[in-house]
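Structure data follow from protein36.pdb (PDB, C-alpha atoms):
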ATOM      1  CA  MET I   1     117.200 145.371 111.018
ATOM      2  CA  GLU I   2     113.875 143.659 110.475
ATOM      3  CA  VAL I   3     112.650 141.420 113.288
ATOM      4  CA  TYR I   4     109.831 139.031 112.367
ATOM      5  CA  PHE I   5     107.455 137.931 115.124
ATOM      6  CA  ASP I   6     104.693 136.188 113.122
ATOM      7  CA  ASN I   7     106.098 132.676 113.039
ATOM      8  CA  SER I   8     102.797 131.139 114.103
ATOM      9  CA  ALA I   9     101.390 132.291 110.761
ATOM     10  CA  THR I  10     104.391 131.246 108.699
ATOM     11  CA  THR I  11     108.148 130.923 108.975
ATOM     12  CA  LYS I  12     110.924 132.143 106.716
ATOM     13  CA  PRO I  13     112.362 129.299 104.611
ATOM     14  CA  LYS I  14     115.875 128.357 105.669
ATOM     15  CA  LYS I  15     118.728 129.042 103.254
ATOM     16  CA  GLU I  16     119.449 125.319 103.025
ATOM     17  CA  VAL I  17     115.814 124.661 102.120
ATOM     18  CA  ILE I  18     115.889 127.233  99.337
ATOM     19  CA  GLU I  19     119.104 125.703  97.994
ATOM     20  CA  CYS I  20     117.495 122.238  97.919
ATOM     21  CA  VAL I  21     114.361 123.543  96.223
ATOM     22  CA  THR I  22     116.429 125.406  93.623
ATOM     23  CA  GLU I  23     118.402 122.247  92.884
ATOM     24  CA  VAL I  24     115.197 120.272  92.331
ATOM     25  CA  LEU I  25     113.627 122.964  90.135
ATOM     26  CA  THR I  26     116.783 123.244  88.075
ATOM     27  CA  ASN I  27     118.102 119.712  87.779
ATOM     28  CA  ASN I  28     115.583 117.234  89.192
ATOM     29  CA  TYR I  29     112.278 118.386  87.744
ATOM     30  CA  GLY I  30     110.917 115.016  86.620
ATOM     31  CA  ASN I  31     107.517 113.589  87.515
ATOM     32  CA  PRO I  32     107.896 110.921  90.245
ATOM     33  CA  SER I  33     105.397 108.741  88.370
ATOM     34  CA  SER I  34     107.525 108.665  85.211
ATOM     35  CA  LEU I  35     109.633 105.586  84.532
ATOM     36  CA  HIS I  36     112.597 107.339  82.911
ATOM     37  CA  ARG I  37     115.733 108.507  84.741
ATOM     38  CA  MET I  38     114.413 111.975  85.613
ATOM     39  CA  GLY I  39     111.241 110.487  87.029
ATOM     40  CA  LEU I  40     113.094 107.881  89.054
ATOM     41  CA  ASN I  41     115.406 110.557  90.468
ATOM     42  CA  ALA I  42     112.402 112.627  91.516
ATOM     43  CA  GLU I  43     110.868 109.561  93.145
ATOM     44  CA  LYS I  44     114.084 108.971  95.080
ATOM     45  CA  ALA I  45     114.052 112.583  96.293
ATOM     46  CA  VAL I  46     110.468 112.228  97.554
ATOM     47  CA  LYS I  47     111.320 108.936  99.270
ATOM     48  CA  LEU I  48     114.286 110.518 101.055
ATOM     49  CA  ALA I  49     112.125 113.369 102.356
ATOM     50  CA  ARG I  50     109.476 110.889 103.501
ATOM     51  CA  THR I  51     112.105 108.888 105.373
ATOM     52  CA  VAL I  52     113.464 111.981 107.141
ATOM     53  CA  ILE I  53     110.014 113.186 108.212
ATOM     54  CA  ALA I  54     108.834 109.738 109.311
ATOM     55  CA  ASP I  55     111.999 109.335 111.379
ATOM     56  CA  LYS I  56     111.298 112.608 113.205
ATOM     57  CA  MET I  57     107.731 111.480 113.833
ATOM     58  CA  GLY I  58     108.945 108.091 115.041
ATOM     59  CA  VAL I  59     106.716 106.200 112.599
ATOM     60  CA  ASP I  60     106.991 103.905 109.586
ATOM     61  CA  GLU I  61     107.604 105.900 106.396
ATOM     62  CA  LYS I  62     104.824 103.914 104.703
ATOM     63  CA  GLN I  63     102.347 105.709 106.966
ATOM     64  CA  VAL I  64     103.373 109.258 105.926
ATOM     65  CA  PHE I  65     101.574 110.831 102.963
ATOM     66  CA  PHE I  66     102.357 114.193 101.379
ATOM     67  CA  THR I  67      99.654 116.808 100.867
ATOM     68  CA  SER I  68      99.356 120.476  99.895
ATOM     69  CA  GLY I  69      99.488 121.570 103.553
ATOM     70  CA  GLY I  70      97.834 121.394 106.948
ATOM     71  CA  THR I  71      94.364 122.204 105.670
ATOM     72  CA  GLU I  72      94.316 119.334 103.212
ATOM     73  CA  SER I  73      95.887 116.995 105.773
ATOM     74  CA  ASN I  74      93.096 117.810 108.226
ATOM     75  CA  ASN I  75      90.432 117.279 105.560
ATOM     76  CA  ILE I  76      91.892 113.934 104.506
ATOM     77  CA  ALA I  77      92.170 112.714 108.085
ATOM     78  CA  ILE I  78      88.721 113.817 109.254
ATOM     79  CA  LEU I  79      86.511 113.470 106.184
ATOM     80  CA  GLY I  80      88.479 110.663 104.560
ATOM     81  CA  SER I  81      88.434 108.408 107.624
ATOM     82  CA  LEU I  82      84.754 108.990 108.364
ATOM     83  CA  TYR I  83      83.612 108.482 104.773
ATOM     84  CA  ALA I  84      85.520 105.197 104.746
ATOM     85  CA  LEU I  85      83.533 104.015 107.800
ATOM     86  CA  ARG I  86      80.251 104.510 105.926
ATOM     87  CA  ASN I  87      78.154 104.970 109.037
ATOM     88  CA  LYS I  88      77.156 108.112 110.889
ATOM     89  CA  GLY I  89      77.707 108.448 114.608
ATOM     90  CA  THR I  90      79.227 110.897 117.081
ATOM     91  CA  VAL I  91      82.248 113.035 116.207
ATOM     92  CA  ILE I  92      83.949 115.310 118.715
ATOM     93  CA  THR I  93      86.217 118.342 118.495
ATOM     94  CA  SER I  94      86.995 121.407 120.604
ATOM     95  CA  LYS I  95      85.690 124.953 120.277
ATOM     96  CA  VAL I  96      89.146 126.377 119.550
ATOM     97  CA  GLU I  97      90.247 124.365 116.521
ATOM     98  CA  HIS I  98      91.629 125.769 113.276
ATOM     99  CA  LYS I  99      88.991 126.536 110.634
ATOM    100  CA  SER I 100      90.227 123.667 108.475
ATOM    101  CA  VAL I 101      88.920 121.411 111.247
ATOM    102  CA  THR I 102      85.796 123.312 112.322
ATOM    103  CA  GLU I 103      84.600 123.653 108.731
ATOM    104  CA  CYS I 104      84.889 119.878 108.326
ATOM    105  CA  PHE I 105      82.748 119.383 111.413
ATOM    106  CA  LYS I 106      80.157 121.884 110.160
ATOM    107  CA  LYS I 107      79.907 119.863 106.962
ATOM    108  CA  LEU I 108      79.599 116.633 108.927
ATOM    109  CA  GLU I 109      76.800 118.146 110.996
ATOM    110  CA  GLN I 110      74.952 119.029 107.797
ATOM    111  CA  GLN I 111      75.393 115.444 106.638
ATOM    112  CA  GLY I 112      73.721 114.015 109.726
ATOM    113  CA  TYR I 113      76.616 113.245 112.059
ATOM    114  CA  ASN I 114      76.150 113.925 115.779
ATOM    115  CA  VAL I 115      78.746 116.676 116.315
ATOM    116  CA  LYS I 116      79.840 117.567 119.849
ATOM    117  CA  TYR I 117      82.091 120.491 120.815
ATOM    118  CA  VAL I 118      84.299 120.444 123.914
ATOM    119  CA  ASP I 119      84.822 123.599 125.980
ATOM    120  CA  VAL I 120      88.217 124.901 127.041
ATOM    121  CA  THR I 121      89.346 126.213 130.413
ATOM    122  CA  LYS I 122      90.207 129.853 131.087
ATOM    123  CA  GLU I 123      93.789 128.919 130.181
ATOM    124  CA  GLY I 124      92.599 127.751 126.761
ATOM    125  CA  ILE I 125      93.155 124.052 127.490
ATOM    126  CA  VAL I 126      90.618 121.449 126.400
ATOM    127  CA  ASP I 127      88.337 120.443 129.277
ATOM    128  CA  VAL I 128      89.498 116.849 129.600
ATOM    129  CA  ASN I 129      86.744 115.841 132.030
ATOM    130  CA  GLN I 130      84.036 117.129 129.714
ATOM    131  CA  LEU I 131      85.654 115.382 126.760
ATOM    132  CA  GLU I 132      85.709 112.110 128.659
ATOM    133  CA  SER I 133      82.010 112.461 129.459
ATOM    134  CA  LEU I 134      81.149 112.952 125.765
ATOM    135  CA  ILE I 135      82.873 109.800 124.520
ATOM    136  CA  ASP I 136      80.639 106.740 124.245
ATOM    137  CA  ASP I 137      80.221 103.603 122.151
ATOM    138  CA  ASP I 138      78.843 105.651 119.240
ATOM    139  CA  THR I 139      81.930 107.899 119.018
ATOM    140  CA  LEU I 140      83.598 107.515 115.635
ATOM    141  CA  LEU I 141      86.289 110.172 115.775
ATOM    142  CA  VAL I 142      87.820 112.827 118.030
ATOM    143  CA  SER I 143      89.932 115.649 116.600
ATOM    144  CA  ILE I 144      91.947 117.887 118.932
ATOM    145  CA  MET I 145      94.820 120.230 118.045
ATOM    146  CA  HIS I 146      98.143 119.928 119.845
ATOM    147  CA  VAL I 147      99.124 123.611 120.033
ATOM    148  CA  ASN I 148      96.624 126.411 119.460
ATOM    149  CA  ASN I 149      97.650 128.724 116.641
ATOM    150  CA  GLU I 150      96.298 131.874 118.339
ATOM    151  CA  THR I 151      96.829 131.405 122.077
ATOM    152  CA  GLY I 152      99.770 128.997 122.116
ATOM    153  CA  ALA I 153      97.911 126.760 124.561
ATOM    154  CA  ILE I 154      99.328 123.223 124.606
ATOM    155  CA  MET I 155      96.740 120.468 124.870
ATOM    156  CA  PRO I 156      97.436 117.295 126.926
ATOM    157  CA  ILE I 157      97.262 115.137 123.823
ATOM    158  CA  GLU I 158      98.807 111.998 125.269
ATOM    159  CA  LYS I 159      96.370 112.055 128.205
ATOM    160  CA  ILE I 160      93.457 112.668 125.840
ATOM    161  CA  ALA I 161      94.596 109.804 123.610
ATOM    162  CA  GLN I 162      94.618 107.409 126.550
ATOM    163  CA  ILE I 163      91.148 108.522 127.674
ATOM    164  CA  ILE I 164      89.718 107.991 124.189
ATOM    165  CA  LYS I 165      91.160 104.508 123.803
ATOM    166  CA  ASP I 166      90.121 103.508 127.338
ATOM    167  CA  LYS I 167      86.501 104.542 126.761
ATOM    168  CA  ASN I 168      86.177 103.455 123.140
ATOM    169  CA  PRO I 169      89.139 101.637 121.562
ATOM    170  CA  LYS I 170      87.461 101.780 118.142
ATOM    171  CA  ALA I 171      87.172 105.574 118.106
ATOM    172  CA  LEU I 172      89.709 107.271 115.846
ATOM    173  CA  PHE I 173      91.863 110.080 117.225
ATOM    174  CA  HIS I 174      93.175 112.799 114.915
ATOM    175  CA  VAL I 175      95.640 115.484 116.019
ATOM    176  CA  ASP I 176      96.251 118.737 114.180
ATOM    177  CA  ASP I 177      99.945 119.162 114.997
ATOM    178  CA  VAL I 178     100.630 121.941 112.491
ATOM    179  CA  GLN I 179     101.763 124.338 115.235
ATOM    180  CA  GLY I 180     103.431 121.797 117.496
ATOM    181  CA  PHE I 181     105.428 119.633 115.083
ATOM    182  CA  LEU I 182     109.150 119.669 115.992
ATOM    183  CA  LYS I 183     108.513 122.329 118.654
ATOM    184  CA  VAL I 184     106.601 120.430 121.337
ATOM    185  CA  PRO I 185     107.349 116.694 121.798
ATOM    186  CA  LEU I 186     104.491 114.341 121.010
ATOM    187  CA  SER I 187     104.192 110.574 121.280
ATOM    188  CA  TYR I 188     102.051 109.069 118.537
ATOM    189  CA  LYS I 189     100.995 106.181 120.761
ATOM    190  CA  ASN I 190      97.185 105.854 120.699
ATOM    191  CA  ILE I 191      96.972 108.501 117.924
ATOM    192  CA  ASP I 192      95.556 107.391 114.585
ATOM    193  CA  MET I 193      96.222 110.435 112.381
ATOM    194  CA  VAL I 194      98.444 113.519 112.628
ATOM    195  CA  SER I 195      98.575 116.586 110.368
ATOM    196  CA  VAL I 196     101.724 118.676 109.830
ATOM    197  CA  SER I 197     102.768 121.511 107.518
ATOM    198  CA  ALA I 198     106.091 122.560 105.968
ATOM    199  CA  HIS I 199     105.808 126.323 106.172
ATOM    200  CA  LYS I 200     105.526 126.283 109.973
ATOM    201  CA  VAL I 201     109.017 124.762 110.278
ATOM    202  CA  ASN I 202     110.989 126.865 107.770
ATOM    203  CA  GLY I 203     109.858 124.947 104.702
ATOM    204  CA  LEU I 204     107.724 126.180 101.804
ATOM    205  CA  LYS I 205     104.022 126.966 101.698
ATOM    206  CA  GLY I 206     101.880 124.530  99.754
ATOM    207  CA  CYS I 207     103.314 121.348 101.238
ATOM    208  CA  GLY I 208     102.335 119.229 104.215
ATOM    209  CA  ALA I 209     101.922 115.663 105.328
ATOM    210  CA  VAL I 210      99.510 113.437 107.172
ATOM    211  CA  TYR I 211     100.429 110.416 109.271
ATOM    212  CA  ILE I 212      97.844 107.654 109.045
ATOM    213  CA  LYS I 213      98.216 104.679 111.348
ATOM    214  CA  LYS I 214      98.365 101.279 109.691
ATOM    215  CA  GLY I 215      94.891  99.810 109.454
ATOM    216  CA  VAL I 216      93.021 103.135 109.335
ATOM    217  CA  LYS I 217      91.003 103.251 106.139
ATOM    218  CA  ILE I 218      90.740 106.469 104.151
ATOM    219  CA  SER I 219      88.310 107.397 101.392
ATOM    220  CA  PRO I 220      90.286 109.959  99.349
ATOM    221  CA  VAL I 221      88.850 113.460  99.102
ATOM    222  CA  ILE I 222      90.784 114.094  95.853
ATOM    223  CA  LEU I 223      90.528 111.486  93.109
ATOM    224  CA  GLY I 224      93.150 110.870  90.467
ATOM    225  CA  GLY I 225      96.119 108.786  89.448
ATOM    226  CA  GLY I 226      96.793 106.903  92.667
ATOM    227  CA  GLN I 227      99.741 108.927  93.944
ATOM    228  CA  GLU I 228     100.601 108.649  97.653
ATOM    229  CA  ASN I 229      99.086 105.171  97.661
ATOM    230  CA  GLY I 230      95.753 106.665  96.662
ATOM    231  CA  ILE I 231      95.487 108.718  99.861
ATOM    232  CA  ARG I 232      96.338 112.002  98.132
ATOM    233  CA  ASN I 233      95.963 111.820  94.361
ATOM    234  CA  GLY I 234      97.773 114.273  92.094
ATOM    235  CA  THR I 235     101.360 114.794  90.956
ATOM    236  CA  GLU I 236     103.597 115.283  93.980
ATOM    237  CA  ASN I 237     105.028 118.730  94.708
ATOM    238  CA  VAL I 238     108.619 117.504  94.533
ATOM    239  CA  PRO I 239     110.343 120.851  95.306
ATOM    240  CA  GLY I 240     108.062 121.464  98.272
ATOM    241  CA  ILE I 241     108.443 117.919  99.575
ATOM    242  CA  VAL I 242     112.240 117.964  99.270
ATOM    243  CA  GLY I 243     112.298 121.358 100.983
ATOM    244  CA  PHE I 244     110.067 120.001 103.743
ATOM    245  CA  GLY I 245     112.406 117.092 104.294
ATOM    246  CA  LYS I 246     115.424 119.392 104.470
ATOM    247  CA  ALA I 247     113.644 121.749 106.863
ATOM    248  CA  VAL I 248     112.832 118.849 109.181
ATOM    249  CA  GLN I 249     116.363 117.491 108.905
ATOM    250  CA  ILE I 250     117.995 120.748 110.050
ATOM    251  CA  TYR I 251     115.315 122.018 112.426
ATOM    252  CA  ASN I 252     116.648 122.645 115.938
ATOM    253  CA  ASN I 253     114.212 125.263 117.254
ATOM    254  CA  SER I 254     117.008 127.854 117.492
ATOM    255  CA  LEU I 255     117.038 131.555 116.610
ATOM    256  CA  ASP I 256     119.575 133.447 114.540
ATOM    257  CA  SER I 257     122.230 135.020 116.748
ATOM    258  CA  SER I 258     121.246 138.540 115.662
ATOM    259  CA  ILE I 259     117.674 137.955 116.807
ATOM    260  CA  LYS I 260     118.908 136.394 120.063
ATOM    261  CA  GLU I 261     120.804 139.578 120.846
ATOM    262  CA  TYR I 262     117.755 141.659 119.992
ATOM    263  CA  ILE I 263     115.433 139.660 122.224
ATOM    264  CA  LYS I 264     117.819 139.956 125.193
ATOM    265  CA  ASN I 265     116.737 143.570 125.478
ATOM    266  CA  PHE I 266     113.161 142.495 126.205
ATOM    267  CA  VAL I 267     113.826 139.723 128.726
TER     268      VAL I 267
END
Could the structure of this file be written out as structure tokens, please?
Amino acid sequence: MEVYFDNSATTKPKKEVIECVTEVLTNNYGNPSSLHRMGLNAEKAVKLARTVIADKMGVDEKQVFFTSGGTESNNIAILGSLYALRNKGTVITSKVEHKSVTECFKKLEQQGYNVKYVDVTKEGIVDVNQLESLIDDDTLLVSIMHVNNETGAIMPIEKIAQIIKDKNPKALFHVDDVQGFLKVPLSYKNIDMVSVSAHKVNGLKGCGAVYIKKGVKISPVILGGGQENGIRNGTENVPGIVGFGKAVQIYNNSLDSSIKEYIKNFV
């Protein structure tokens, strides 16, 4: 019996997800932008998935936009929001972020932004006191992950969000929740943008989403036909999106009984 322990890297798609994806590929393969029946059916399928995911997030479905995954979601949130502001100030992140975040901040530094990096404690938790000291009136954006993909450290996001808004209400707060989504509860209060990914919750690779709070302006990093309200241009990955919605709908953070029995031997 094979036992898979690399779920932080990716998860196995659920049987129900595969069934949904197969149905879409076989019978509902239209382009959501098309005005004929097949296109309208595809659009309905995308809308249903958006509704399911938004409901789990506890947000308005109009604020959820589909992407190709966590990396693109992070890029849209960080670069897109800052480019829309059109002024360069201070941006803050931690020293333990995913490369899809740190590479954005390296680029911003090259473009003249004042980039500040927050230390973490010996437990791998963001130093909240240091973060608070770095935030000032010039702070444009703070990006902190919820759950670290290598150490499993859980950041006090809700506390951080409150600190940011208390010190500078205009500063945007982005959370990379790719590892925490559906696994560790998170209130989106005082959070402006959140990135999630399908393949971390038993969906397919190549699909993700980004929550963008109403009123936050985004300059798209991919230009095209205006899909996803212009936030993420390009024909939607309908099979991936439908699979993502199904994965979220059935996710209960449980293990297969065979694996449960196996793990008992190590506890």
Pull out every residue that the PyMOL selection byres ((chain I and resi 228-237) around 9) matches in the shown coordinates and put them as a ChimeraX atom specification.
/I:31-33,46,64-68,76,80,206-207,218-227,238-242
Any chance you could resolve the PyMOL selection byres ((chain I and resi 9-19) around 7) against this file and give the residues as JSON, numbers by chain?
{"I": [6, 7, 8, 20, 21, 22, 23, 199, 200, 201, 202, 203, 204, 243, 246, 247]}
Written file, previous selection with C-alpha atoms, as a PDB file, in the frame of the given file:
ATOM      1  CA  ASP I   6     104.693 136.188 113.122  1.00  0.00           C
ATOM      2  CA  ASN I   7     106.098 132.676 113.039  1.00  0.00           C
ATOM      3  CA  SER I   8     102.797 131.139 114.103  1.00  0.00           C
ATOM      4  CA  CYS I  20     117.495 122.238  97.919  1.00  0.00           C
ATOM      5  CA  VAL I  21     114.361 123.543  96.223  1.00  0.00           C
ATOM      6  CA  THR I  22     116.429 125.406  93.623  1.00  0.00           C
ATOM      7  CA  GLU I  23     118.402 122.247  92.884  1.00  0.00           C
ATOM      8  CA  HIS I 199     105.808 126.323 106.172  1.00  0.00           C
ATOM      9  CA  LYS I 200     105.526 126.283 109.973  1.00  0.00           C
ATOM     10  CA  VAL I 201     109.017 124.762 110.278  1.00  0.00           C
ATOM     11  CA  ASN I 202     110.989 126.865 107.770  1.00  0.00           C
ATOM     12  CA  GLY I 203     109.858 124.947 104.702  1.00  0.00           C
ATOM     13  CA  LEU I 204     107.724 126.180 101.804  1.00  0.00           C
ATOM     14  CA  GLY I 243     112.298 121.358 100.983  1.00  0.00           C
ATOM     15  CA  LYS I 246     115.424 119.392 104.470  1.00  0.00           C
ATOM     16  CA  ALA I 247     113.644 121.749 106.863  1.00  0.00           C
TER      17      ALA I 247
END
Would you write out, as a PyMOL selection string, every residue that the PyMOL selection byres ((chain I and resi 102-109) around 9) captures in this file?
chain I and resi 74-75+78-79+91-101+110-115
What would the list of residues within 10 Å of (89.4, 107.6, 125.7) (file frame) look like as an MDAnalysis selection string, if all atoms listed in the file are what count?
chainID I and resid 131:136 142 159:173 190
In Å to one decimal, how far is CA of Ile125 in chain I from CA of Val147 in chain I?
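Pair CA of Val147 in chain I / CA of Ile125 in chain I returns 9.6 Å.
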Each side padded by 8 Å, which centre and which edge lengths in Å (one decimal) define the axis-aligned box around the listed atoms of range 9-25 of chain I? Give them as JSON.
{"center_x": 110.4, "center_y": 126.3, "center_z": 100.4, "size_x": 34.1, "size_y": 28.0, "size_z": 36.6}
How far is it from CA of Lys44 in chain I to CA of Pro185 in chain I, in Å with one decimal?
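Taking CA of Lys44 in chain I and CA of Pro185 in chain I, their separation equals 28.6 Å.
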Just how far from CA of Ser197 in chain I is CA of Asn41 in chain I, in Å to one decimal?
23.9 Å
Which residue is closest to Ala77 in chain I? Choose from I:Val175, I:Ala198, I:Met145, I:Ile250 and count all atoms listed in the file.
I:Val175
With distances taken over only C-alpha atoms, which of I:Tyr117, I:Leu186, I:Asp60, I:Asn129 is nearest to His146 in chain I?
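Among the listed residues, the smallest separation from His146 in chain I belongs to I:Leu186.
With distances restricted to only C-alpha atoms, I:Leu141 is the closest residue to Gly89 in chain I from I:Met1, I:Ile157, I:Leu141, I:Leu35.
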